[in-house]
file entry02.csv (CSV, C-alpha atoms)
chain,number,residue,atom,x,y,z
F,595,MET,CA,115.2,147.1,98.3
F,596,ASN,CA,116.6,146.9,94.7
F,597,ALA,CA,116.9,143.5,93.1
F,598,PRO,CA,120.4,142.1,93.3
F,599,ALA,CA,122.3,142.8,90.1
F,600,PHE,CA,123.7,140.2,87.8
F,601,ALA,CA,124.4,140.2,84.1
F,602,VAL,CA,122.6,137.9,81.7
F,603,ARG,CA,124.7,136.5,78.8
F,604,THR,CA,123.6,136.9,75.2
F,605,PRO,CA,123.4,133.8,73.0
F,606,SER,CA,126.5,134.8,71.0
F,607,GLN,CA,128.4,135.3,74.2
F,608,ILE,CA,127.3,131.8,75.4
F,609,ARG,CA,128.3,130.2,72.1
F,610,TRP,CA,131.7,131.9,72.2
F,611,GLU,CA,132.4,130.9,75.8
F,612,THR,CA,131.3,127.3,75.1
F,613,ARG,CA,133.7,127.1,72.2
F,614,LEU,CA,136.5,128.5,74.4
F,615,TRP,CA,135.7,125.8,77.0
F,616,LEU,CA,135.8,123.1,74.3
F,617,ALA,CA,139.1,124.4,73.0
F,618,GLN,CA,140.5,124.3,76.5
F,619,ARG,CA,139.4,120.7,77.1
F,620,ALA,CA,140.6,119.6,73.7
F,621,SER,CA,144.0,121.3,74.2
F,622,ALA,CA,144.2,119.7,77.7
F,623,MET,CA,143.9,116.3,76.1
F,624,VAL,CA,146.7,117.1,73.7
F,625,LEU,CA,148.8,118.5,76.5
F,626,ALA,CA,148.3,115.4,78.7
F,627,LEU,CA,149.9,113.3,75.9
F,628,CYS,CA,152.6,115.8,75.0
F,629,VAL,CA,153.8,116.4,78.7
F,630,VAL,CA,154.1,112.6,79.2
F,631,VAL,CA,156.2,112.2,76.0
F,632,HIS,CA,158.3,115.3,76.9
F,633,LEU,CA,159.0,114.1,80.5
F,634,ALA,CA,159.6,110.5,79.4
F,635,THR,CA,162.1,111.7,76.9
F,636,ILE,CA,163.9,113.7,79.5
F,637,VAL,CA,164.1,110.7,81.9
F,638,LEU,CA,164.8,108.0,79.4
F,639,ALA,CA,166.8,109.6,76.6
F,640,VAL,CA,169.5,111.3,78.6
F,641,ARG,CA,172.8,109.5,78.3
F,642,GLY,CA,175.7,111.8,79.0
F,643,GLY,CA,173.9,114.2,81.4
F,644,LEU,CA,171.2,116.7,80.5
F,645,SER,CA,173.2,119.0,78.1
F,646,ALA,CA,172.2,121.4,75.3
F,647,ALA,CA,174.5,119.5,72.9
F,648,GLU,CA,172.7,116.2,73.5
F,649,ILE,CA,169.3,117.7,73.1
F,650,LEU,CA,170.2,119.5,69.9
F,651,ALA,CA,171.8,116.3,68.5
F,652,ARG,CA,168.4,114.7,68.9
F,653,THR,CA,166.2,117.5,67.6
F,654,ARG,CA,168.3,119.2,64.8
F,655,GLY,CA,166.9,118.2,61.4
F,656,SER,CA,164.3,115.9,62.9
F,657,VAL,CA,160.9,116.6,61.3
F,658,ALA,CA,159.3,114.3,63.9
F,659,TRP,CA,160.5,116.4,66.9
F,660,LEU,CA,159.7,119.6,65.0
F,661,SER,CA,156.1,118.4,64.5
F,662,PHE,CA,155.8,117.2,68.1
F,663,TYR,CA,156.9,120.4,69.7
F,664,ALA,CA,155.0,122.5,67.2
F,665,LEU,CA,151.8,120.6,68.3
F,666,PHE,CA,152.9,121.0,72.0
F,667,ILE,CA,153.3,124.8,71.6
F,668,ALA,CA,150.0,125.2,69.7
F,669,ALA,CA,148.2,123.4,72.6
F,670,VAL,CA,149.9,125.6,75.2
F,671,ALA,CA,149.0,128.7,73.3
F,672,VAL,CA,145.4,127.7,73.2
F,673,HIS,CA,145.2,126.2,76.7
F,674,ALA,CA,147.0,128.7,79.0
F,675,PRO,CA,145.4,132.0,78.0
F,676,ILE,CA,141.8,130.6,78.3
F,677,GLY,CA,142.6,129.3,81.8
F,678,LEU,CA,144.4,132.4,82.9
F,679,ARG,CA,141.5,134.5,81.6
F,680,THR,CA,139.1,132.6,83.8
F,681,ILE,CA,141.4,132.8,86.9
F,682,ILE,CA,141.9,136.5,86.5
F,683,ALA,CA,138.1,137.1,86.0
F,684,GLU,CA,137.3,135.1,89.1
F,685,TRP,CA,140.0,136.2,91.4
F,686,LEU,CA,140.7,139.7,90.3
F,687,GLY,CA,137.3,140.7,88.9
F,688,TRP,CA,138.9,141.9,85.7
F,689,ARG,CA,136.4,141.1,82.9
F,690,GLY,CA,135.2,142.2,79.5
F,691,ARG,CA,136.9,143.3,76.2
F,692,SER,CA,140.2,144.5,77.8
F,693,LEU,CA,140.7,141.1,79.5
F,694,ASP,CA,139.9,139.2,76.2
F,695,LEU,CA,142.5,141.4,74.5
F,696,ALA,CA,145.1,140.7,77.1
F,697,ALA,CA,144.4,137.0,76.9
F,698,ALA,CA,144.7,137.0,73.1
F,699,LEU,CA,148.0,139.0,73.4
F,700,PHE,CA,149.2,136.4,75.9
F,701,ALA,CA,148.4,133.6,73.4
F,702,VAL,CA,150.3,135.4,70.7
F,703,LEU,CA,153.3,135.9,73.1
F,704,ILE,CA,153.3,132.1,73.9
F,705,ALA,CA,153.0,131.2,70.3
F,706,ALA,CA,155.8,133.5,69.2
F,707,ALA,CA,158.2,132.4,71.9
F,708,GLY,CA,157.3,128.8,71.2
F,709,VAL,CA,157.8,129.0,67.5
F,710,ARG,CA,161.2,130.7,68.1
F,711,THR,CA,162.2,127.9,70.5
F,712,VAL,CA,161.0,125.1,68.2
F,713,LEU,CA,162.7,126.5,65.2
F,714,GLY,CA,165.9,126.9,67.3
F,715,LEU,CA,165.8,123.2,68.2
F,716,TYR,CA,165.3,122.2,64.5
F,717,ALA,CA,167.7,124.4,62.6
M,1251,MET,CA,121.9,126.9,128.6
M,1252,HIS,CA,123.3,127.4,125.1
M,1253,SER,CA,125.3,130.5,124.4
M,1254,VAL,CA,124.1,131.6,120.9
M,1255,ARG,CA,125.6,134.4,118.9
M,1256,VAL,CA,123.2,135.7,116.2
M,1257,TRP,CA,123.8,138.2,113.3
M,1258,ARG,CA,121.7,141.4,113.7
M,1259,GLY,CA,121.5,144.0,111.1
M,1260,THR,CA,121.7,144.2,107.3
M,1261,GLY,CA,125.0,144.6,105.4
M,1262,GLU,CA,126.2,146.6,108.4
M,1263,GLY,CA,125.6,144.8,111.7
M,1264,ALA,CA,127.1,142.7,114.5
M,1265,PHE,CA,126.6,139.5,116.3
M,1266,ARG,CA,124.5,139.6,119.5
M,1267,ARG,CA,124.7,137.0,122.2
M,1268,TYR,CA,121.7,135.3,123.7
M,1269,GLU,CA,121.4,132.6,126.4
M,1270,VAL,CA,118.8,129.9,125.4
M,1271,PRO,CA,117.7,127.1,127.7
M,1272,ALA,CA,118.8,123.7,126.5
M,1273,ALA,CA,116.1,121.1,125.6
M,1274,PRO,CA,116.1,117.6,124.3
M,1275,ASN,CA,116.1,117.1,120.5
M,1276,GLN,CA,116.5,120.9,120.1
M,1277,THR,CA,117.1,122.2,116.6
M,1278,ILE,CA,118.9,125.3,115.5
M,1279,LEU,CA,115.5,126.6,114.3
M,1280,ASP,CA,114.2,126.0,117.9
M,1281,LEU,CA,117.0,128.3,119.2
M,1282,VAL,CA,116.2,131.1,116.8
M,1283,THR,CA,112.4,130.7,117.5
M,1284,TYR,CA,113.0,130.9,121.2
M,1285,ILE,CA,115.1,134.0,120.9
M,1286,GLN,CA,112.4,135.7,118.7
M,1287,ARG,CA,109.4,134.7,120.9
M,1288,VAL,CA,110.9,135.1,124.3
M,1289,LEU,CA,114.1,137.2,124.3
M,1290,ASP,CA,114.0,139.6,121.3
M,1291,PRO,CA,110.9,140.0,119.1
M,1292,SER,CA,112.7,142.3,116.7
M,1293,LEU,CA,114.7,139.3,115.3
M,1294,SER,CA,113.9,138.6,111.7
M,1295,TYR,CA,114.2,135.1,110.2
M,1296,ARG,CA,112.3,132.8,107.8
M,1297,PHE,CA,110.7,129.5,108.2
M,1298,ALA,CA,107.5,127.6,107.3
M,1299,CYS,CA,107.2,123.9,107.5
M,1300,ARG,CA,109.7,123.0,110.2
M,1301,VAL,CA,110.1,119.5,108.7
M,1302,GLY,CA,112.6,119.8,106.0
M,1303,MET,CA,110.2,120.3,103.0
M,1304,CYS,CA,109.9,124.0,102.3
M,1305,GLY,CA,113.5,125.1,102.1
M,1306,SER,CA,113.0,128.4,103.7
M,1307,CYS,CA,115.0,128.2,107.0
M,1308,ALA,CA,118.5,127.8,105.7
M,1309,MET,CA,121.2,129.8,107.6
M,1310,THR,CA,124.9,129.7,108.2
M,1311,VAL,CA,125.5,127.7,111.4
M,1312,ASN,CA,129.0,127.8,112.8
M,1313,GLY,CA,130.3,128.8,109.4
M,1314,ARG,CA,128.4,126.2,107.4
M,1315,PRO,CA,125.2,126.5,105.4
M,1316,ARG,CA,122.5,124.3,106.9
M,1317,TRP,CA,118.8,123.7,107.0
M,1318,THR,CA,118.2,124.8,110.5
M,1319,CYS,CA,114.9,122.9,111.1
M,1320,ARG,CA,116.6,119.5,110.7
M,1321,THR,CA,120.0,120.4,112.3
M,1322,HIS,CA,120.1,119.3,115.9
M,1323,VAL,CA,121.9,121.5,118.3
M,1324,ALA,CA,123.7,118.4,119.7
M,1325,LYS,CA,125.2,117.9,116.3
M,1326,VAL,CA,126.8,121.3,116.1
M,1327,ALA,CA,127.2,122.3,119.8
M,1328,ALA,CA,130.1,119.9,120.1
M,1329,GLU,CA,132.0,122.6,118.3
M,1330,GLY,CA,131.4,124.9,121.4
M,1331,GLU,CA,129.6,128.1,120.9
M,1332,ILE,CA,126.7,128.3,118.4
M,1333,VAL,CA,127.0,131.1,115.8
M,1334,ILE,CA,124.1,131.7,113.6
M,1335,ALA,CA,124.4,134.0,110.5
M,1336,PRO,CA,122.4,134.6,107.3
M,1337,LEU,CA,123.3,132.6,104.2
M,1338,THR,CA,126.3,133.9,102.2
M,1339,ASN,CA,126.3,134.9,98.5
M,1340,MET,CA,122.9,136.6,98.9
M,1341,PRO,CA,122.2,140.2,100.2
M,1342,VAL,CA,120.9,140.3,103.7
M,1343,VAL,CA,117.4,141.8,104.0
M,1344,LYS,CA,117.6,141.9,107.8
M,1345,ASP,CA,119.2,139.7,110.5
M,1346,LEU,CA,118.8,136.1,109.3
M,1347,ALA,CA,116.6,136.7,106.2
M,1348,VAL,CA,118.4,137.0,102.9
M,1349,ASP,CA,117.2,138.3,99.5
M,1350,MET,CA,116.7,135.2,97.4
M,1351,ARG,CA,115.5,136.9,94.2
M,1352,ALA,CA,118.7,136.4,92.2
M,1353,PHE,CA,118.8,132.8,93.3
M,1354,PHE,CA,115.2,132.1,92.0
M,1355,ASP,CA,115.5,134.4,89.0
M,1356,LYS,CA,118.4,132.2,87.8
M,1357,TRP,CA,116.1,129.2,87.9
M,1358,ALA,CA,113.9,130.9,85.3
M,1359,LEU,CA,117.0,132.0,83.4
M,1360,ALA,CA,118.2,128.4,83.3
M,1361,LYS,CA,114.9,127.4,81.7
M,1362,GLY,CA,113.9,125.5,84.8
M,1363,ALA,CA,110.2,125.4,83.8
M,1364,PHE,CA,108.8,122.4,81.9
M,1365,THR,CA,108.1,123.2,78.2
M,1366,PRO,CA,105.1,121.2,77.0
M,1367,SER,CA,104.5,120.0,73.4
M,1368,ASP,CA,102.0,121.9,71.3
M,1369,ASP,CA,99.9,118.7,71.1
M,1370,ALA,CA,98.0,119.0,74.4
M,1371,ALA,CA,95.5,116.3,73.2
M,1372,ALA,CA,98.1,113.6,72.8
M,1373,ASP,CA,98.1,110.6,75.0
M,1374,PHE,CA,100.1,110.3,78.2
M,1375,ALA,CA,103.8,109.9,77.6
M,1376,VAL,CA,105.0,106.6,78.9
M,1377,VAL,CA,108.3,107.0,80.8
M,1378,ALA,CA,109.8,103.8,82.0
M,1379,PRO,CA,111.0,104.3,85.6
M,1380,ALA,CA,114.2,102.2,84.9
M,1381,SER,CA,115.1,104.2,81.7
M,1382,PRO,CA,118.5,105.9,82.0
M,1383,ALA,CA,117.1,109.4,81.5
M,1384,ARG,CA,114.4,108.9,84.1
M,1385,ARG,CA,117.1,107.7,86.6
M,1386,GLU,CA,119.2,110.7,85.9
M,1387,ALA,CA,116.2,113.0,86.6
M,1388,ASP,CA,115.3,111.0,89.7
M,1389,ALA,CA,118.7,111.5,91.2
M,1390,ALA,CA,118.4,115.3,91.0
M,1391,ILE,CA,114.6,115.9,91.4
M,1392,GLU,CA,114.3,116.2,95.2
M,1393,CYS,CA,115.6,119.7,95.5
M,1394,ILE,CA,113.7,121.9,98.0
M,1395,GLY,CA,115.2,125.2,96.8
M,1396,CYS,CA,116.8,126.1,100.2
M,1397,GLY,CA,119.8,128.0,98.7
M,1398,VAL,CA,122.4,126.0,100.8
M,1399,CYS,CA,124.3,125.0,97.6
M,1400,TYR,CA,124.2,128.5,96.3
M,1401,ALA,CA,125.6,129.8,99.5
M,1402,ALA,CA,128.3,127.1,99.6
M,1403,CYS,CA,129.5,127.6,96.0
M,1404,ASP,CA,132.9,129.3,95.5
M,1405,VAL,CA,132.0,130.1,91.9
M,1406,VAL,CA,128.9,132.0,92.9
M,1407,ALA,CA,131.2,134.0,95.3
M,1408,TRP,CA,133.7,134.7,92.5
M,1409,ASN,CA,131.2,135.3,89.6
M,1410,PRO,CA,127.8,136.8,90.6
M,1411,ASP,CA,126.5,136.1,87.1
M,1412,TYR,CA,126.9,132.3,87.6
M,1413,LEU,CA,123.5,130.5,87.6
M,1414,GLY,CA,124.5,128.3,90.5
M,1415,PRO,CA,124.1,124.7,91.4
M,1416,ALA,CA,120.4,124.6,92.2
M,1417,ALA,CA,119.3,126.2,88.9
M,1418,LEU,CA,121.6,124.0,86.8
M,1419,ASN,CA,120.5,120.9,88.8
M,1420,ARG,CA,116.9,121.8,88.0
M,1421,ALA,CA,117.7,122.2,84.3
M,1422,TRP,CA,119.4,118.8,84.3
M,1423,THR,CA,116.2,117.1,85.4
M,1424,LEU,CA,114.4,118.7,82.5
M,1425,VAL,CA,117.2,117.8,80.0
M,1426,ASN,CA,116.4,114.3,81.0
M,1427,ASP,CA,112.6,114.7,80.6
M,1428,VAL,CA,111.7,113.0,77.3
M,1429,ARG,CA,108.4,114.9,77.2
M,1430,ASP,CA,110.1,118.4,77.3
M,1431,ARG,CA,110.1,120.3,74.0
M,1432,GLY,CA,112.4,123.2,75.1
M,1433,GLN,CA,115.8,121.4,74.9
M,1434,PRO,CA,117.7,123.6,72.4
M,1435,GLU,CA,116.8,126.8,74.2
M,1436,ARG,CA,117.6,125.2,77.6
M,1437,LEU,CA,121.0,123.9,76.5
M,1438,LEU,CA,121.9,127.4,75.3
M,1439,ALA,CA,120.7,128.9,78.5
M,1440,VAL,CA,122.8,126.7,80.8
M,1441,ALA,CA,126.0,126.8,78.8
M,1442,GLY,CA,128.9,129.3,78.9
M,1443,ASP,CA,130.9,131.1,81.6
M,1444,ALA,CA,127.8,132.0,83.6
M,1445,GLY,CA,126.4,128.5,83.2
M,1446,CYS,CA,127.7,124.9,83.6
M,1447,HIS,CA,131.1,125.6,82.1
M,1448,ALA,CA,132.0,127.9,85.0
M,1449,CYS,CA,131.7,125.0,87.5
M,1450,HIS,CA,135.1,123.9,89.0
M,1451,SER,CA,133.7,120.7,90.5
M,1452,HIS,CA,134.7,121.7,94.0
M,1453,GLU,CA,131.6,119.8,95.2
M,1454,SER,CA,130.7,122.2,98.0
M,1455,CYS,CA,127.1,121.9,96.7
M,1456,ARG,CA,127.2,118.2,97.1
M,1457,THR,CA,128.9,118.4,100.5
M,1458,TYR,CA,126.3,120.7,102.1
M,1459,CYS,CA,123.1,119.7,100.2
M,1460,PRO,CA,120.7,118.8,103.0
M,1461,LYS,CA,118.9,116.4,100.6
M,1462,SER,CA,122.1,114.7,99.7
M,1463,LEU,CA,121.8,115.6,96.1
M,1464,ASN,CA,124.8,115.9,93.8
M,1465,PRO,CA,124.4,119.1,91.7
M,1466,THR,CA,128.1,118.8,90.6
M,1467,ALA,CA,127.1,115.5,88.8
M,1468,SER,CA,124.1,117.3,87.2
M,1469,ILE,CA,126.4,120.1,86.0
M,1470,ALA,CA,128.8,117.6,84.7
M,1471,GLY,CA,125.9,116.1,82.7
M,1472,LEU,CA,125.1,119.5,81.4
M,1473,LYS,CA,128.7,120.0,80.3
M,1474,ARG,CA,128.5,116.7,78.3
M,1475,ALA,CA,125.1,117.6,76.8
M,1476,THR,CA,126.1,121.1,75.8
M,1477,ALA,CA,129.5,119.9,74.4
M,1478,ARG,CA,127.8,117.3,72.3
M,1479,ALA,CA,125.3,119.9,71.0
M,1480,ALA,CA,128.1,122.4,70.2
M,1481,LEU,CA,130.1,119.7,68.4
M,1482,ARG,CA,127.0,118.8,66.3
M,1483,GLY,CA,126.6,122.5,65.5
M,1484,GLU,CA,123.3,122.7,67.4
M,1485,LEU,CA,124.4,125.2,70.1

call {"tool": "encode", "arguments": {"input": "entry02.csv", "output": "structure tokens"}}
result
Amino acid sequence: MNAPAFAVRTPSQIRWETRLWLAQRASAMVLALCVVVHLATIVLAVRGGLSAAEILARTRGSVAWLSFYALFIAAVAVHAPIGLRTIIAEWLGWRGRSLDLAAALFAVLIAAAGVRTVLGLYA
Amino acid sequence: MHSVRVWRGTGEGAFRRYEVPAAPNQTILDLVTYIQRVLDPSLSYRFACRVGMCGSCAMTVNGRPRWTCRTHVAKVAAEGEIVIAPLTNMPVVKDLAVDMRAFFDKWALAKGAFTPSDDAAADFAVVAPASPARREADAAIECIGCGVCYAACDVVAWNPDYLGPAALNRAWTLVNDVRDRGQPERLLAVAGDAGCHACHSHESCRTYCPKSLNPTASIAGLKRATARAALRGEL
């Protein structure tokens, strides 16, 4: 009977995965804060109904909101692709370089869409 | 009489039904032993000590991983029929015996062996029983290597490369051993997506561990230790 097969990670793979894990934990902490601020703003700041005009009146030209949502988007772009990569690997068995590439692409997509949105709110 | 369904075969196989006379204080291992000695000598299974020390008799009983020598029939018969299968997450050799090579190879991979200092002539290390590190090690040290946690773990099922709760729990006892001189290598061995960072803290290992250990807590300890090492640039 052949020995059951499992792959052993190289030290550089382990270091990279550990850093990804740290990045996901750190971005989760940022997100916890950002989501609370975001939701609290929705609940507390709405005066005349939740309208685009009211939101834009608040965010247009505001460097503070621009910085806040830039940070929010950066955290999402780091957090979501790493988590999605793990879920795909565990549930669908898709692993390796091609998955890493797809996750990186997803990060770029989130970042690009996010930057476009944030700039749209500012200017 | 107990109606007992037992897995027969390897990867391919089926459950076969046996009628086993009921007896007081009967364990699941007693049922299996009766079947093998009286009804069907071709049944393969593993056991040694019969008293919960050796960790060789673990099987899946009514869908749950258990040490069969310390599992009374009365405890599980309330669920009706008794179904006995090999442990999951390990290839079946035959009937109820599984191939535990990957399980134990991963203990070695997780640096589960003590690394002594070069100075063999040095005096005995004094480890205070009440010191925090010794308490952490104590909480995790009683593992008997039965493989129940490994069979119960979702992450092992999803990721065959994952070192698993038992190997990581063992590594945690050594991370807390102040005499050990192999820490940097050990922390590197237990980190990453096949190591402690793969754990989702489902706590199935803790739920089913027959020794009531908490490998999830040990793995959480490894996450902290490896994160600290990585942030210091030592990993």

call {"tool": "closest_atom_pairs", "arguments": {"input": "entry02.csv", "of": "range 1402-1468 of chain M", "to": "range 1301-1320 of chain M", "cutoff": "7 Å", "atoms": "all atoms listed in the file", "output": "JSON lines"}}
result
{"residue": "M:Ala1402", "atom": "CA", "partner": "M:Pro1315", "partner_atom": "CA", "distance": 6.6}
{"residue": "M:Tyr1458", "atom": "CA", "partner": "M:Pro1315", "partner_atom": "CA", "distance": 6.8}
{"residue": "M:Pro1460", "atom": "CA", "partner": "M:Trp1317", "partner_atom": "CA", "distance": 6.6}

call {"tool": "atom_distance", "arguments": {"input": "entry02.csv", "atom1": "CA of Cys1393 in chain M", "atom2": "CA of Ile1469 in chain M"}}
result
14.4 Å

call {"tool": "residues_around", "arguments": {"input": "entry02.csv", "residues": "range 652-661 of chain F", "least_positions_apart": "3", "cutoff": "6 Å", "atoms": "all atoms listed in the file", "output": "list in words"}}
result
Ile649, Ala664, Leu715, Tyr716 and Ala717 of chain F

call {"tool": "closest_atom_pairs", "arguments": {"input": "entry02.csv", "of": "chain M", "to": "chain F", "cutoff": "8 Å", "atoms": "only C-alpha atoms", "output": "JSON lines"}}
result
{"residue": "M:Pro1341", "atom": "CA", "partner": "F:Pro598", "partner_atom": "CA", "distance": 7.4}
{"residue": "M:Asp1349", "atom": "CA", "partner": "F:Pro598", "partner_atom": "CA", "distance": 7.9}
{"residue": "M:Arg1351", "atom": "CA", "partner": "F:Ala597", "partner_atom": "CA", "distance": 6.8}
{"residue": "M:Ala1352", "atom": "CA", "partner": "F:Pro598", "partner_atom": "CA", "distance": 6.0}
{"residue": "M:Val1405", "atom": "CA", "partner": "F:Glu684", "partner_atom": "CA", "distance": 7.8}
{"residue": "M:Trp1408", "atom": "CA", "partner": "F:Glu684", "partner_atom": "CA", "distance": 5.0}
{"residue": "M:Asn1409", "atom": "CA", "partner": "F:Glu684", "partner_atom": "CA", "distance": 6.1}
{"residue": "M:Pro1410", "atom": "CA", "partner": "F:Phe600", "partner_atom": "CA", "distance": 6.0}
{"residue": "M:Asp1411", "atom": "CA", "partner": "F:Phe600", "partner_atom": "CA", "distance": 5.0}
{"residue": "M:Leu1438", "atom": "CA", "partner": "F:Pro605", "partner_atom": "CA", "distance": 7.0}
{"residue": "M:Ala1439", "atom": "CA", "partner": "F:Pro605", "partner_atom": "CA", "distance": 7.8}
{"residue": "M:Ala1441", "atom": "CA", "partner": "F:Ile608", "partner_atom": "CA", "distance": 6.2}
{"residue": "M:Gly1442", "atom": "CA", "partner": "F:Ile608", "partner_atom": "CA", "distance": 4.6}
{"residue": "M:Asp1443", "atom": "CA", "partner": "F:Glu611", "partner_atom": "CA", "distance": 6.0}
{"residue": "M:Ala1444", "atom": "CA", "partner": "F:Arg603", "partner_atom": "CA", "distance": 7.3}
{"residue": "M:His1447", "atom": "CA", "partner": "F:Trp615", "partner_atom": "CA", "distance": 6.9}
{"residue": "M:Ala1477", "atom": "CA", "partner": "F:Leu616", "partner_atom": "CA", "distance": 7.1}
{"residue": "M:Ala1480", "atom": "CA", "partner": "F:Arg613", "partner_atom": "CA", "distance": 7.6}
{"residue": "M:Leu1485", "atom": "CA", "partner": "F:Arg609", "partner_atom": "CA", "distance": 6.6}

call {"tool": "write_last_selection", "arguments": {"input": "entry02.csv", "atoms": "C-alpha atoms", "output": "compact mmCIF listing (two decimals), in the frame of the given file"}}
result
# COMPACT_ATOMS: atom_id res chain seq x y z
CA PRO M 1341 122.20 140.20 100.20
CA ASP M 1349 117.20 138.30 99.50
CA ARG M 1351 115.50 136.90 94.20
CA ALA M 1352 118.70 136.40 92.20
CA VAL M 1405 132.00 130.10 91.90
CA TRP M 1408 133.70 134.70 92.50
CA ASN M 1409 131.20 135.30 89.60
CA PRO M 1410 127.80 136.80 90.60
CA ASP M 1411 126.50 136.10 87.10
CA LEU M 1438 121.90 127.40 75.30
CA ALA M 1439 120.70 128.90 78.50
CA ALA M 1441 126.00 126.80 78.80
CA GLY M 1442 128.90 129.30 78.90
CA ASP M 1443 130.90 131.10 81.60
CA ALA M 1444 127.80 132.00 83.60
CA HIS M 1447 131.10 125.60 82.10
CA ALA M 1477 129.50 119.90 74.40
CA ALA M 1480 128.10 122.40 70.20
CA LEU M 1485 124.40 125.20 70.10

call {"tool": "atom_distance", "arguments": {"input": "entry02.csv", "atom1": "CA of Phe1297 in chain M", "atom2": "CA of Phe1265 in chain M"}}
result
20.5 Å

call {"tool": "residues_near_point", "arguments": {"input": "entry02.csv", "point": "(115.3, 141.6, 114.3)", "cutoff": "8 Å", "atoms": "only C-alpha atoms", "output": "ChimeraX atom specification"}}
result
/M:1258-1259,1286,1290-1295,1344-1345

call {"tool": "atom_distance", "arguments": {"input": "entry02.csv", "atom1": "CA of Arg1266 in chain M", "atom2": "CA of Tyr1284 in chain M"}}
result
14.5 Å

call {"tool": "residues_around", "arguments": {"input": "entry02.csv", "residues": "Val1282 in chain M", "least_positions_apart": "3", "cutoff": "9 Å", "atoms": "all atoms listed in the file", "output": "PDB file with C-alpha atoms, keeping the file's coordinate frame"}}
result
ATOM      1  CA  VAL M1254     124.100 131.600 120.900  1.00  0.00           C
ATOM      2  CA  VAL M1256     123.200 135.700 116.200  1.00  0.00           C
ATOM      3  CA  THR M1277     117.100 122.200 116.600  1.00  0.00           C
ATOM      4  CA  ILE M1278     118.900 125.300 115.500  1.00  0.00           C
ATOM      5  CA  LEU M1279     115.500 126.600 114.300  1.00  0.00           C
ATOM      6  CA  ILE M1285     115.100 134.000 120.900  1.00  0.00           C
ATOM      7  CA  GLN M1286     112.400 135.700 118.700  1.00  0.00           C
ATOM      8  CA  ARG M1287     109.400 134.700 120.900  1.00  0.00           C
ATOM      9  CA  LEU M1293     114.700 139.300 115.300  1.00  0.00           C
ATOM     10  CA  TYR M1295     114.200 135.100 110.200  1.00  0.00           C
ATOM     11  CA  ILE M1334     124.100 131.700 113.600  1.00  0.00           C
TER      12      ILE M1334
END

call {"tool": "closest_residue", "arguments": {"input": "entry02.csv", "among": "M:Val1376, M:Leu1418, M:Val1333, M:Val1342", "to": "Glu1262 in chain M", "atoms": "all atoms listed in the file"}}
result
M:Val1342

call {"tool": "residues_near_point", "arguments": {"input": "entry02.csv", "point": "(116.7, 129.3, 80.5)", "cutoff": "6 Å", "atoms": "only C-alpha atoms", "output": "PDB file with C-alpha atoms, keeping the file's coordinate frame"}}
result
ATOM      1  CA  ALA M1358     113.900 130.900  85.300  1.00  0.00           C
ATOM      2  CA  LEU M1359     117.000 132.000  83.400  1.00  0.00           C
ATOM      3  CA  ALA M1360     118.200 128.400  83.300  1.00  0.00           C
ATOM      4  CA  LYS M1361     114.900 127.400  81.700  1.00  0.00           C
ATOM      5  CA  ARG M1436     117.600 125.200  77.600  1.00  0.00           C
ATOM      6  CA  ALA M1439     120.700 128.900  78.500  1.00  0.00           C
TER       7      ALA M1439
END

call {"tool": "residues_around", "arguments": {"input": "entry02.csv", "residues": "Ile636 in chain F", "least_positions_apart": "6", "cutoff": "12 Å", "atoms": "only C-alpha atoms", "output": "list in words"}}
result
Val629, Val630, Gly642, Gly643, Leu644, Ser645, Glu648, Ile649 and Arg652 of chain F

call {"tool": "residues_around", "arguments": {"input": "entry02.csv", "residues": "Val702 in chain F", "least_positions_apart": "4", "cutoff": "10 Å", "atoms": "all atoms listed in the file", "output": "NGL selection string"}}
result
:F and (671-672 or 675 or 696-698 or 706-708)

call {"tool": "residues_around", "arguments": {"input": "entry02.csv", "residues": "Thr1457 in chain M", "least_positions_apart": "6", "cutoff": "12 Å", "atoms": "only C-alpha atoms", "output": "list in words"}}
result
Arg1314, Pro1315, Arg1316, Val1398, Cys1399, Tyr1400, Ala1401, Ala1402, Cys1403, Ser1451, Leu1463, Asn1464, Pro1465 and Thr1466 of chain M

call {"tool": "build_atoms", "arguments": {"input": "entry02.csv", "residues": "range 596-600 of chain F", "atoms": "N, CA, C and O atoms", "output": "mmCIF file, in the frame of the given file"}}
result
data_model
loop_
_atom_site.group_PDB
_atom_site.id
_atom_site.type_symbol
_atom_site.label_atom_id
_atom_site.label_comp_id
_atom_site.auth_asym_id
_atom_site.auth_seq_id
_atom_site.Cartn_x
_atom_site.Cartn_y
_atom_site.Cartn_z
ATOM 1 N N ASN F 596 116.428 147.216 96.158
ATOM 2 C CA ASN F 596 116.600 146.900 94.700
ATOM 3 C C ASN F 596 116.966 145.436 94.555
ATOM 4 O O ASN F 596 117.564 144.811 95.414
ATOM 5 N N ALA F 597 116.541 144.925 93.382
ATOM 6 C CA ALA F 597 116.900 143.500 93.100
ATOM 7 C C ALA F 597 118.384 143.400 92.902
ATOM 8 O O ALA F 597 119.019 144.295 92.366
ATOM 9 N N PRO F 598 118.952 142.297 93.412
ATOM 10 C CA PRO F 598 120.400 142.100 93.300
ATOM 11 C C PRO F 598 120.790 142.056 91.805
ATOM 12 O O PRO F 598 120.105 141.451 91.000
ATOM 13 N N ALA F 599 121.880 142.710 91.477
ATOM 14 C CA ALA F 599 122.300 142.800 90.100
ATOM 15 C C ALA F 599 123.127 141.662 89.630
ATOM 16 O O ALA F 599 124.049 141.281 90.335
ATOM 17 N N PHE F 600 122.773 141.092 88.500
ATOM 18 C CA PHE F 600 123.700 140.200 87.800
ATOM 19 C C PHE F 600 123.450 140.279 86.342
ATOM 20 O O PHE F 600 122.357 140.615 85.896
#
